[in-house]
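K.L.:
Handing you a structure now.
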Amino acid sequence: MRTPANPVYWWGNFLLLRERPAAGEWPGWVAEFQREFPEADHVALGLDTADGMVEDAGGLADLGLDVLVDTVLAASSLRTPVRPVDAEIRPLRMDEDWHQITRLRLASGEDAVLEDFAAAKTEEFRALVAAGHGAWFGAFVDGQMRCGAGLFSDGGGVARFQNVETHPDFRRRGLASALVHELGVWGLDQLGASRLVIIADPDYHALGLYRALGFEDVEHQVLLQRPPGA
């Protein structure tokens, strides 16, 4: 996978492996990544498997690779959150709305040292929305986006959420639950999706939030990465 317009995007420039390599094969795949991406400062390998298992964990540490195993959840309908929220939840409309995505991401502690990367990702998402592949919704409090997320379809009935983020000062107020629900309902009704997919860190509280909305665990996503300079 290549993203020439954003070369510092780790998970836009990576190798996706069809099968889980056996113990001892990882150095060869790191070398293959470096051949495919000679200018990259990072290493990023994904596994197209569902069980979340990884061979040779000790050897991976020796290669400087961090192993991330996320939970993949899916739903064909969503339950309405019981907690009311004091916010306007709507699709992004204006240039200022889109600028607020980048500010929200930086305020959330994501990519804090990579402002150019965050801005490039915003432009990428905006282009996908303009092309009709999905939408980005925000939860606005006093005119400021305090929670945001995108939803994009592959055209075959599956739609995946992207970057559910809440400003640190506005967490635990129900904004994310309300926004994911509204955006998901829009995807089912307007985008033509029959299956919604969302990814969560199994150790983060958002997993419970998604399950409460009706998402169910279906598989695991395995990512192996070595940050620049590691």
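We label chains A, B, ... in the order they appear in the structure tokens, count residues from 1 in each chain, and number ligands from 1 in the order shown.
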Would you mind listing what lies within 8 Å of Ile199 of chain A as number ranges by chain, with only C-alpha atoms counted and same-chain residues fewer than 4 positions away left out?
P.N.:
A: 70-73, 161
K.L.:
Output N, CA and C atoms for every residue in that selection, as a short mmCIF file (atom, residue, chain, number, x, y, z; two decimals), in the first residue's frame.
P.N.:
data_model
loop_
_atom_site.label_atom_id
_atom_site.label_comp_id
_atom_site.auth_asym_id
_atom_site.auth_seq_id
_atom_site.Cartn_x
_atom_site.Cartn_y
_atom_site.Cartn_z
N ASP A 70 -5.50 -5.05 17.59
CA ASP A 70 -6.74 -4.34 17.83
C ASP A 70 -7.95 -5.25 17.63
N THR A 71 -9.04 -4.88 18.25
CA THR A 71 -10.29 -5.62 18.11
C THR A 71 -11.11 -5.02 16.98
N VAL A 72 -11.59 -5.87 16.09
CA VAL A 72 -12.46 -5.46 14.99
C VAL A 72 -13.90 -5.79 15.38
N LEU A 73 -14.76 -4.79 15.34
CA LEU A 73 -16.17 -4.97 15.69
C LEU A 73 -17.05 -4.63 14.49
N PHE A 161 -15.60 3.01 10.12
CA PHE A 161 -15.37 4.28 10.82
C PHE A 161 -13.88 4.61 10.81
#
K.L.:
Report the residues of segment 3-207 of chain A whose backbone DSSP state falls under helix (DSSP H, G or I), written as a ChimeraX atom specification.
P.N.:
/A:10-12,26-36,57-62,95-107,115-130,168-170,175-189,206-207
K.L.:
Within 12 Å of Gly184 of chain A, counting only C-alpha atoms, which residues qualify if same-chain residues fewer than 4 places away don't, as a PyMOL selection string?
P.N.:
chain A and resi 74-80+134-137+149-153+158-162+176-180+188-198+210+213-215
K.L.:
At a cut-off of 12 Å, using only C-alpha atoms, what residues contact Ala61 of chain A? Leave out same-chain residues fewer than 4 positions from it and give the result as an NGL selection string.
P.N.:
:A and (26-27 or 55-57 or 65-67 or 224-226 or 230)
K.L.:
Pick out the closest residue to Thr166 of chain A from this set: A:Arg35, A:Arg103, A:Arg126, A:His133. Count only C-alpha atoms.
P.N.:
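Counting only C-alpha atoms, the residue closest to Thr166 of chain A is A:Arg103.
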K.L.:
When you count only C-alpha atoms, which of these residues is closest to Val8 of chain A: A:Arg105, A:Lys121, A:Arg146, A:Arg93?
P.N.:
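Looking only at the distances to Val8 of chain A, the closest residue turns out to be A:Lys121.
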K.L.:
Which of segment 109-213 of chain A counts as strand (DSSP E) under DSSP, as a ChimeraX atom specification please?
P.N.:
/A:134-141,144-153,158-166,195-200
K.L.:
Check the smallest atom-to-atom distance from each of A:Pro168, A:Pro81, A:Gly12, A:Gly59 to Leu106 of chain A using only C-alpha atoms, then report the winner.
P.N.:
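That would be A:Pro168, the residue with the smallest distance to Leu106 of chain A.
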